[in-house]
>>> print(open('structure-v4.tsv').read())   # TSV, C-alpha atoms and all ligand atoms
chain	number	residue	atom	x	y	z
I	1369	MET	CA	89.77	76.54	106.32
I	1370	LYS	CA	88.08	77.43	103.08
I	1371	LEU	CA	88.81	80.39	100.80
I	1372	THR	CA	86.10	81.49	98.35
I	1373	TYR	CA	86.80	83.94	95.52
I	1374	LEU	CA	84.06	86.57	95.19
I	1375	GLY	CA	85.50	88.31	92.15
I	1376	HIS	CA	87.94	91.24	91.69
I	1377	SER	CA	89.78	91.38	95.03
I	1378	ALA	CA	87.03	90.02	97.26
I	1379	PHE	CA	87.46	86.81	99.25
I	1380	GLU	CA	85.63	85.00	102.00
I	1381	ILE	CA	87.56	82.85	104.46
I	1382	GLU	CA	85.60	80.31	106.47
I	1383	THR	CA	87.25	78.98	109.60
I	1384	LYS	CA	85.98	77.28	112.75
I	1385	GLY	CA	82.35	78.25	112.38
I	1386	THR	CA	82.94	81.85	111.40
I	1387	LYS	CA	83.50	83.73	108.19
I	1388	ILE	CA	85.59	86.75	107.36
I	1389	LEU	CA	85.49	88.93	104.27
I	1390	ILE	CA	88.30	90.81	102.58
I	1391	ASP	CA	87.67	93.87	100.36
I	1392	PRO	CA	83.98	92.98	99.80
I	1393	PHE	CA	83.26	94.55	96.42
I	1394	LEU	CA	80.57	92.07	95.44
I	1395	VAL	CA	79.19	93.29	92.11
I	1396	ARG	CA	80.41	90.13	90.37
I	1397	VAL	CA	78.48	87.84	92.72
I	1398	PRO	CA	74.88	89.11	92.91
I	1399	ALA	CA	73.66	85.75	94.24
I	1400	TYR	CA	76.14	85.76	97.14
I	1401	LYS	CA	74.54	86.75	100.45
I	1402	PRO	CA	77.01	87.47	103.27
I	1403	ASN	CA	75.91	85.71	106.44
I	1404	ASN	CA	77.54	84.73	109.71
I	1405	ILE	CA	80.36	87.21	108.97
I	1406	SER	CA	82.32	88.14	112.10
I	1407	ASP	CA	84.98	90.37	110.57
I	1408	ILE	CA	85.58	92.41	107.45
I	1409	PHE	CA	89.05	93.54	106.41
I	1410	VAL	CA	89.40	96.51	104.09
I	1411	THR	CA	92.76	97.45	102.56
I	1412	HIS	CA	91.81	100.96	101.43
I	1413	GLY	CA	88.86	103.19	100.68
I	1414	HIS	CA	88.57	102.87	96.90
I	1415	GLY	CA	85.10	101.75	95.87
I	1416	ASP	CA	86.30	98.48	94.37
I	1417	HIS	CA	87.66	97.47	97.82
I	1418	LEU	CA	85.44	99.15	100.41
I	1419	GLY	CA	82.56	97.77	98.38
I	1420	SER	CA	79.54	97.05	100.57
I	1421	ALA	CA	81.59	96.66	103.78
I	1422	ILE	CA	79.52	99.20	105.71
I	1423	ASN	CA	76.18	97.53	104.95
I	1424	ILE	CA	77.57	94.05	105.59
I	1425	SER	CA	78.89	95.26	108.94
I	1426	LYS	CA	75.47	96.57	109.91
I	1427	ASN	CA	73.57	93.50	108.69
I	1428	ASN	CA	75.90	90.95	110.30
I	1429	ASN	CA	77.06	92.92	113.35
I	1430	ALA	CA	80.50	92.35	111.81
I	1431	THR	CA	83.57	94.39	112.72
I	1432	ILE	CA	85.45	96.25	110.01
I	1433	THR	CA	89.18	96.24	110.64
I	1434	ALA	CA	90.92	99.07	108.78
I	1435	THR	CA	93.45	101.80	109.35
I	1436	PHE	CA	92.37	104.59	111.69
I	1437	GLU	CA	91.10	107.09	109.11
I	1438	LEU	CA	89.15	104.55	107.04
I	1439	ALA	CA	87.73	102.85	110.14
I	1440	ASN	CA	86.50	106.22	111.41
I	1441	TYR	CA	84.87	106.89	108.04
I	1442	CYS	CA	83.04	103.55	108.23
I	1443	ALA	CA	82.04	104.23	111.85
I	1444	SER	CA	80.55	107.58	110.81
I	1445	TYR	CA	78.09	105.58	108.65
I	1446	GLY	CA	77.17	103.30	111.53
I	1447	ALA	CA	79.56	100.38	110.99
I	1448	LYS	CA	81.19	98.55	113.89
I	1449	THR	CA	84.94	99.09	113.53
I	1450	ASN	CA	88.35	98.21	114.86
I	1451	ASP	CA	90.69	101.09	114.05
I	1452	VAL	CA	94.27	99.90	113.81
I	1453	ALA	CA	97.52	100.78	112.09
I	1454	LEU	CA	100.35	99.12	110.27
I	1455	GLY	CA	102.31	97.50	113.04
I	1456	GLY	CA	102.03	94.45	115.26
I	1457	TRP	CA	99.81	91.41	115.39
I	1458	ILE	CA	96.12	91.96	116.11
I	1459	ASN	CA	94.41	89.03	117.81
I	1460	TYR	CA	91.01	87.59	116.92
I	1461	LYS	CA	89.12	84.55	118.23
I	1462	TRP	CA	89.98	82.70	115.01
I	1463	GLY	CA	93.61	83.80	114.50
I	1464	ARG	CA	95.70	86.92	114.14
I	1465	VAL	CA	96.46	89.54	111.54
I	1466	VAL	CA	99.14	92.12	110.86
I	1467	LEU	CA	98.72	95.11	108.56
I	1468	VAL	CA	101.61	95.49	106.15
I	1469	PRO	CA	102.50	98.31	103.74
I	1470	ALA	CA	100.96	98.65	100.29
I	1471	ILE	CA	102.06	101.28	97.80
I	1472	HIS	CA	98.93	102.85	96.38
I	1473	GLY	CA	96.55	105.80	96.89
I	1474	ASN	CA	93.79	105.93	99.45
I	1475	SER	CA	90.61	107.96	99.56
I	1476	THR	CA	86.95	107.17	100.13
I	1477	PRO	CA	84.41	107.02	97.28
I	1478	ASP	CA	83.29	110.57	98.17
I	1479	GLY	CA	86.88	111.86	98.07
I	1480	LYS	CA	87.79	111.95	101.76
I	1481	TYR	CA	91.30	111.29	103.03
I	1482	ALA	CA	91.60	107.66	104.16
I	1483	GLY	CA	95.12	107.34	105.60
I	1484	VAL	CA	97.59	104.80	104.23
I	1485	PRO	CA	96.54	101.74	102.24
I	1486	CYS	CA	97.60	98.32	103.50
I	1487	GLY	CA	97.87	94.62	102.86
I	1488	PHE	CA	97.25	91.88	105.42
I	1489	VAL	CA	99.09	88.84	106.70
I	1490	PHE	CA	96.60	86.43	108.22
I	1491	GLU	CA	97.59	83.57	110.51
I	1492	ILE	CA	94.68	81.14	110.71
I	1493	GLU	CA	94.77	77.46	111.71
I	1494	GLY	CA	98.57	77.60	111.62
I	1495	LYS	CA	98.69	78.84	108.02
I	1496	LYS	CA	99.90	82.23	106.88
I	1497	ILE	CA	98.18	84.02	104.05
I	1498	TYR	CA	99.56	87.24	102.57
I	1499	TYR	CA	96.86	89.35	100.93
I	1500	ALA	CA	98.62	92.22	99.16
I	1501	GLY	CA	95.69	94.56	98.41
I	1502	ASP	CA	96.29	97.12	95.69
I	1503	THR	CA	100.02	97.71	95.49
I	1504	SER	CA	102.98	98.04	93.21
I	1505	LEU	CA	105.87	95.64	93.49
I	1506	SER	CA	107.72	96.66	96.62
I	1507	SER	CA	110.86	95.67	98.48
I	1508	GLU	CA	108.54	95.26	101.48
I	1509	MET	CA	107.64	91.91	99.90
I	1510	LYS	CA	111.18	90.67	100.51
I	1511	VAL	CA	110.73	91.50	104.18
I	1512	ILE	CA	107.26	89.92	104.29
I	1513	GLY	CA	108.74	86.77	102.76
I	1514	GLU	CA	111.59	86.75	105.26
I	1515	ILE	CA	109.56	87.47	108.40
I	1516	TYR	CA	106.21	85.79	107.78
I	1517	LYS	CA	107.05	83.05	105.26
I	1518	PRO	CA	103.48	83.05	103.89
I	1519	ASP	CA	102.17	79.65	102.75
I	1520	ILE	CA	99.90	81.40	100.28
I	1521	SER	CA	100.15	84.81	98.66
I	1522	ILE	CA	97.21	86.55	97.01
I	1523	LEU	CA	98.52	89.16	94.60
I	1524	PRO	CA	97.06	91.72	92.19
I	1525	ILE	CA	98.14	91.09	88.62
I	1526	GLY	CA	96.01	93.38	86.42
I	1527	GLY	CA	98.51	96.22	85.96
I	1528	LYS	CA	97.62	99.91	85.47
I	1529	TYR	CA	96.49	100.38	89.09
I	1530	THR	CA	98.61	97.63	90.69
I	1531	MET	CA	101.38	95.19	89.90
I	1532	ASP	CA	101.18	93.49	86.54
I	1533	ILE	CA	101.92	89.84	85.83
I	1534	GLU	CA	105.65	90.41	85.30
I	1535	HIS	CA	105.95	92.16	88.66
I	1536	SER	CA	103.72	89.64	90.42
I	1537	ILE	CA	106.13	86.88	89.42
I	1538	ILE	CA	109.05	88.82	90.90
I	1539	ALA	CA	106.98	89.38	94.05
I	1540	SER	CA	106.22	85.67	94.21
I	1541	GLU	CA	109.93	84.81	94.08
I	1542	TRP	CA	110.60	87.20	96.96
I	1543	LEU	CA	107.66	85.96	99.02
I	1544	GLY	CA	108.59	82.29	98.62
I	1545	SER	CA	104.99	81.05	98.97
I	1546	ASN	CA	104.15	77.60	97.62
I	1547	THR	CA	100.80	78.81	96.31
I	1548	ILE	CA	100.06	82.06	94.48
I	1549	ILE	CA	96.47	83.21	93.87
I	1550	PRO	CA	95.91	86.11	91.44
I	1551	MET	CA	93.33	88.89	91.89
I	1552	HIS	CA	92.43	92.35	90.56
I	1553	PHE	CA	92.36	91.32	86.89
I	1554	ASP	CA	89.75	90.99	84.11
I	1555	THR	CA	87.05	92.85	86.10
I	1556	PHE	CA	87.09	95.57	83.44
I	1557	SER	CA	89.04	96.06	80.23
I	1558	ALA	CA	91.81	98.26	81.72
I	1559	ILE	CA	92.99	95.32	83.83
I	1560	ALA	CA	92.45	92.49	81.34
I	1561	VAL	CA	95.31	89.96	81.23
I	1562	ASP	CA	96.32	86.76	79.49
I	1563	ILE	CA	96.17	84.49	82.51
I	1564	ASN	CA	98.39	81.92	80.77
I	1565	ASP	CA	101.30	84.34	81.19
I	1566	PHE	CA	100.73	84.28	84.95
I	1567	ILE	CA	100.38	80.49	85.08
I	1568	SER	CA	103.55	79.84	83.08
I	1569	GLY	CA	105.53	82.47	85.00
I	1570	ILE	CA	104.58	81.10	88.41
I	1571	ASN	CA	105.25	77.54	87.28
I	1572	ALA	CA	108.69	78.66	86.07
I	1573	ILE	CA	109.70	79.79	89.57
I	1574	GLY	CA	108.57	76.49	91.06
I	1575	ALA	CA	105.45	77.74	92.81
I	1576	LYS	CA	101.86	76.66	92.21
I	1577	PRO	CA	99.49	79.10	90.49
I	1578	VAL	CA	95.91	78.71	91.68
I	1579	VAL	CA	93.56	80.69	89.44
I	1580	LEU	CA	90.12	80.82	91.00
I	1581	ASN	CA	86.97	81.50	89.02
I	1582	ILE	CA	84.22	83.47	90.69
I	1583	MET	CA	82.70	81.45	93.59
I	1584	ASP	CA	85.45	78.83	93.37
I	1585	GLU	CA	86.45	77.40	96.72
I	1586	PHE	CA	90.00	76.56	97.76
I	1587	ASN	CA	90.64	74.41	100.81
I	1588	LEU	CA	93.81	74.91	102.79
U	1	NI	NI	92.71	101.00	94.73
U	2	MN	MN	91.53	98.46	93.14
>>> encode(input="structure-v4.tsv", output="structure tokens", more="lines below")
Ligand code: NI
Ligand code: MN
Amino acid sequence: MKLTYLGHSAFEIETKGTKILIDPFLVRVPAYKPNNISDIFVTHGHGDHLGSAINISKNNNATITATFELANYCASYGAKTNDVALGGWINYKWGRVVLVPAIHGNSTPDGKYAGVPCGFVFEIEGKKIYYAGDTSLSSEMKVIGEIYKPDISILPIGGKYTMDIEHSIIASEWLGSNTIIPMHFDTFSAIAVDINDFISGINAIGAKPVVLNIMDEFNL
């Protein structure tokens, strides 16, 4: 399985001949052309997460998995959708996914109500990946650590709209993942960070910080 960082909070996961996208806001990767995408996961309706999900869905015949309200919004623009809710495991050909709570707002770019925001726990090829989405630090992360024991956690660290570095280190302790990948930082000045603070903080709790540059690939 291969994880590719597409900037901001966008990732591609390639597994067993298929590719999935998460929060495909792709303005940082103009040369990237989504192809062979089977599924798109969207945590919430803000423009920097919904991104070009609807067009990618149409061009790839890919299914957008999102909470009921956001999925219906995408369907109203012609996307193929799987409307779900925070709850149990959802099965796919390539693995399974559970939607977990995120503490954040949620509306569409044109101001429509979009239900609750979420994060995802993916189980693919026997590995568990927690993708937090936009969220504050939350005691839910203790439960996610206890129940799912994610091998890898992908956490926002930019502050202002999400957790900051200090809180992401606390979250990482609670989650217990060996590998922590940061996101949602340095895209614009309001979420600029000194990444060395993240690296030293994660090292200090005995986990491995993996800071991906745009289009970097990480094999797991
Ligand atoms: Ni947001
Ligand atoms: Mn955001």
>>> residues_near_ligand(input="structure-v4.tsv", ligand="ligand NI 1 (chain U)", cutoff="10 Å", atoms="all atoms listed in the file", output="list in words")
Thr1411, His1412, Gly1413, His1414, Gly1415, Asp1416, His1417, Leu1418, Ile1471, His1472, Gly1473, Asn1474, Ser1475, Pro1485, Gly1501, Asp1502, Thr1503, Tyr1529, Thr1530 and His1552 of chain I
>>> residues_around(input="structure-v4.tsv", residues="Gly1513 (chain I)", least_positions_apart="4", cutoff="7 Å", atoms="only C-alpha atoms", output="list of chain:residue names")
I:Met1509, I:Lys1517, I:Pro1518, I:Trp1542, I:Leu1543, I:Gly1544
>>> residues_around(input="structure-v4.tsv", residues="Ser1377 (chain I)", least_positions_apart="3", cutoff="10 Å", atoms="all atoms listed in the file", output="mmCIF file with C-alpha atoms, in the frame of the given file")
data_model
loop_
_atom_site.group_PDB
_atom_site.id
_atom_site.type_symbol
_atom_site.label_atom_id
_atom_site.label_comp_id
_atom_site.auth_asym_id
_atom_site.auth_seq_id
_atom_site.Cartn_x
_atom_site.Cartn_y
_atom_site.Cartn_z
ATOM 1 C CA TYR I 1373 86.800 83.940 95.520
ATOM 2 C CA LEU I 1374 84.060 86.570 95.190
ATOM 3 C CA ILE I 1390 88.300 90.810 102.580
ATOM 4 C CA ASP I 1391 87.670 93.870 100.360
ATOM 5 C CA PRO I 1392 83.980 92.980 99.800
ATOM 6 C CA PHE I 1393 83.260 94.550 96.420
ATOM 7 C CA LEU I 1394 80.570 92.070 95.440
ATOM 8 C CA ASP I 1416 86.300 98.480 94.370
ATOM 9 C CA HIS I 1417 87.660 97.470 97.820
ATOM 10 C CA TYR I 1499 96.860 89.350 100.930
ATOM 11 C CA ALA I 1500 98.620 92.220 99.160
ATOM 12 C CA GLY I 1501 95.690 94.560 98.410
ATOM 13 C CA ASP I 1502 96.290 97.120 95.690
ATOM 14 C CA ILE I 1522 97.210 86.550 97.010
ATOM 15 C CA LEU I 1523 98.520 89.160 94.600
ATOM 16 C CA PRO I 1524 97.060 91.720 92.190
ATOM 17 C CA PRO I 1550 95.910 86.110 91.440
ATOM 18 C CA MET I 1551 93.330 88.890 91.890
ATOM 19 C CA HIS I 1552 92.430 92.350 90.560
ATOM 20 C CA PHE I 1553 92.360 91.320 86.890
ATOM 21 C CA THR I 1555 87.050 92.850 86.100
#
>>> closest_residue(input="structure-v4.tsv", among="I:Ser1540, I:Asp1532, I:Ile1515, I:Val1465", to="Lys1576 (chain I)", atoms="only C-alpha atoms")
I:Ser1540
>>> residues_near_point(input="structure-v4.tsv", point="(79.5, 85.6, 110.0)", cutoff="12 Å", atoms="only C-alpha atoms", output="ChimeraX atom specification")
/I:1380-1389,1401-1408,1424-1431,1462
>>> write_last_selection(input="structure-v4.tsv", atoms="C-alpha atoms", output="PDB file, keeping the file's coordinate frame")
ATOM      1  CA  GLU I1380      85.630  85.000 102.000  1.00  0.00           C
ATOM      2  CA  ILE I1381      87.560  82.850 104.460  1.00  0.00           C
ATOM      3  CA  GLU I1382      85.600  80.310 106.470  1.00  0.00           C
ATOM      4  CA  THR I1383      87.250  78.980 109.600  1.00  0.00           C
ATOM      5  CA  LYS I1384      85.980  77.280 112.750  1.00  0.00           C
ATOM      6  CA  GLY I1385      82.350  78.250 112.380  1.00  0.00           C
ATOM      7  CA  THR I1386      82.940  81.850 111.400  1.00  0.00           C
ATOM      8  CA  LYS I1387      83.500  83.730 108.190  1.00  0.00           C
ATOM      9  CA  ILE I1388      85.590  86.750 107.360  1.00  0.00           C
ATOM     10  CA  LEU I1389      85.490  88.930 104.270  1.00  0.00           C
ATOM     11  CA  LYS I1401      74.540  86.750 100.450  1.00  0.00           C
ATOM     12  CA  PRO I1402      77.010  87.470 103.270  1.00  0.00           C
ATOM     13  CA  ASN I1403      75.910  85.710 106.440  1.00  0.00           C
ATOM     14  CA  ASN I1404      77.540  84.730 109.710  1.00  0.00           C
ATOM     15  CA  ILE I1405      80.360  87.210 108.970  1.00  0.00           C
ATOM     16  CA  SER I1406      82.320  88.140 112.100  1.00  0.00           C
ATOM     17  CA  ASP I1407      84.980  90.370 110.570  1.00  0.00           C
ATOM     18  CA  ILE I1408      85.580  92.410 107.450  1.00  0.00           C
ATOM     19  CA  ILE I1424      77.570  94.050 105.590  1.00  0.00           C
ATOM     20  CA  SER I1425      78.890  95.260 108.940  1.00  0.00           C
ATOM     21  CA  LYS I1426      75.470  96.570 109.910  1.00  0.00           C
ATOM     22  CA  ASN I1427      73.570  93.500 108.690  1.00  0.00           C
ATOM     23  CA  ASN I1428      75.900  90.950 110.300  1.00  0.00           C
ATOM     24  CA  ASN I1429      77.060  92.920 113.350  1.00  0.00           C
ATOM     25  CA  ALA I1430      80.500  92.350 111.810  1.00  0.00           C
ATOM     26  CA  THR I1431      83.570  94.390 112.720  1.00  0.00           C
ATOM     27  CA  TRP I1462      89.980  82.700 115.010  1.00  0.00           C
TER      28      TRP I1462
END
>>> closest_residue(input="structure-v4.tsv", among="I:Ala1399, I:Ile1573, I:Ile1538, I:Leu1371", to="Ser1506 (chain I)", atoms="all atoms listed in the file")
I:Ile1538
>>> atom_distance(input="structure-v4.tsv", atom1="CA of Val1484 (chain I)", atom2="CA of Thr1433 (chain I)")
13.6 Å
>>> closest_residue(input="structure-v4.tsv", among="I:Asp1554, I:Glu1534, I:Asp1565, I:Glu1514", to="ligand MN 2 (chain U)", atoms="all atoms listed in the file")
I:Asp1554
>>> atom_distance(input="structure-v4.tsv", atom1="CA of Asn1440 (chain I)", atom2="CA of Ile1458 (chain I)")
17.8 Å
>>> atom_distance(input="structure-v4.tsv", atom1="CA of Ala1439 (chain I)", atom2="CA of Phe1379 (chain I)")
19.4 Å
>>> residues_near_point(input="structure-v4.tsv", point="(76.7, 103.0, 107.9)", cutoff="10 Å", atoms="all atoms listed in the file", output="count of residues only")
15
>>> closest_residue(input="structure-v4.tsv", among="I:Ile1492, I:Val1452, I:Ile1567, I:Val1410", to="ligand MN 2 (chain U)", atoms="only C-alpha atoms and all ligand atoms")
I:Val1410
>>> closest_residue(input="structure-v4.tsv", among="I:Asn1459, I:Val1561, I:Gly1419, I:Leu1505", to="ligand MN 2 (chain U)", atoms="all atoms listed in the file")
I:Gly1419
>>> closest_residue(input="structure-v4.tsv", among="I:Tyr1481, I:Phe1586, I:Phe1556, I:Phe1566", to="ligand MN 2 (chain U)", atoms="only C-alpha atoms and all ligand atoms")
I:Phe1556
>>> axis_aligned_box(input="structure-v4.tsv", around="region 1501-1520 of chain I", padding_each_side="5 Å", output="lines of an AutoDock Vina configuration file")
center_x = 103.6
center_y = 88.8
center_z = 100.8
size_x = 25.9
size_y = 28.4
size_z = 25.2
>>> decode(input="structure-v4.tsv", residues="region 1505-1522 of chain I", atoms="N, CA, C and O atoms", output="CSV table (one decimal), in the first residue's frame")
chain,number,residue,atom,x,y,z
I,1505,LEU,N,-8.3,18.8,19.4
I,1505,LEU,CA,-8.0,17.7,20.3
I,1505,LEU,C,-9.3,17.2,21.0
I,1505,LEU,O,-10.1,18.0,21.3
I,1506,SER,N,-9.4,15.9,21.1
I,1506,SER,CA,-10.7,15.4,21.6
I,1506,SER,C,-10.4,14.1,22.4
I,1506,SER,O,-9.6,13.3,22.0
I,1507,SER,N,-11.2,14.0,23.5
I,1507,SER,CA,-11.1,12.7,24.2
I,1507,SER,C,-11.5,11.5,23.4
I,1507,SER,O,-11.2,10.4,23.8
I,1508,GLU,N,-12.2,11.7,22.3
I,1508,GLU,CA,-12.5,10.6,21.4
I,1508,GLU,C,-11.2,9.9,20.9
I,1508,GLU,O,-11.2,8.7,20.6
I,1509,MET,N,-10.1,10.7,20.9
I,1509,MET,CA,-8.9,10.1,20.4
I,1509,MET,C,-8.3,9.0,21.4
I,1509,MET,O,-7.6,8.1,21.0
I,1510,LYS,N,-8.7,9.2,22.6
I,1510,LYS,CA,-8.3,8.1,23.6
I,1510,LYS,C,-9.0,6.8,23.2
I,1510,LYS,O,-8.5,5.7,23.3
I,1511,VAL,N,-10.3,7.0,22.9
I,1511,VAL,CA,-11.1,5.8,22.6
I,1511,VAL,C,-10.7,5.2,21.2
I,1511,VAL,O,-10.6,4.0,21.1
I,1512,ILE,N,-10.4,6.1,20.3
I,1512,ILE,CA,-9.9,5.6,19.0
I,1512,ILE,C,-8.6,4.8,19.2
I,1512,ILE,O,-8.4,3.7,18.6
I,1513,GLY,N,-7.7,5.3,20.0
I,1513,GLY,CA,-6.5,4.6,20.3
I,1513,GLY,C,-6.7,3.3,21.0
I,1513,GLY,O,-6.1,2.2,20.6
I,1514,GLU,N,-7.7,3.3,21.9
I,1514,GLU,CA,-8.0,2.0,22.6
I,1514,GLU,C,-8.7,1.0,21.8
I,1514,GLU,O,-8.3,-0.2,21.8
I,1515,ILE,N,-9.6,1.4,20.9
I,1515,ILE,CA,-10.4,0.5,20.2
I,1515,ILE,C,-9.7,0.0,18.9
I,1515,ILE,O,-9.6,-1.2,18.6
I,1516,TYR,N,-9.1,1.0,18.2
I,1516,TYR,CA,-8.6,0.7,16.8
I,1516,TYR,C,-7.1,0.5,16.8
I,1516,TYR,O,-6.6,-0.1,15.8
I,1517,LYS,N,-6.4,1.0,17.8
I,1517,LYS,CA,-4.9,0.9,17.8
I,1517,LYS,C,-4.3,1.2,16.4
I,1517,LYS,O,-3.7,0.3,15.8
I,1518,PRO,N,-4.5,2.4,15.9
I,1518,PRO,CA,-4.0,2.7,14.6
I,1518,PRO,C,-2.5,2.6,14.5
I,1518,PRO,O,-1.8,3.1,15.3
I,1519,ASP,N,-2.1,2.0,13.4
I,1519,ASP,CA,-0.6,1.9,13.1
I,1519,ASP,C,-0.1,3.3,12.8
I,1519,ASP,O,1.1,3.6,13.1
I,1520,ILE,N,-0.9,4.0,12.0
I,1520,ILE,CA,-0.5,5.3,11.6
I,1520,ILE,C,-1.6,6.3,11.9
I,1520,ILE,O,-2.8,6.0,11.7
I,1521,SER,N,-1.3,7.5,12.4
I,1521,SER,CA,-2.3,8.5,12.5
I,1521,SER,C,-1.8,9.7,11.7
I,1521,SER,O,-0.7,10.1,11.7
I,1522,ILE,N,-2.8,10.3,11.0
I,1522,ILE,CA,-2.6,11.5,10.2
I,1522,ILE,C,-3.4,12.6,10.8
I,1522,ILE,O,-4.6,12.6,10.9
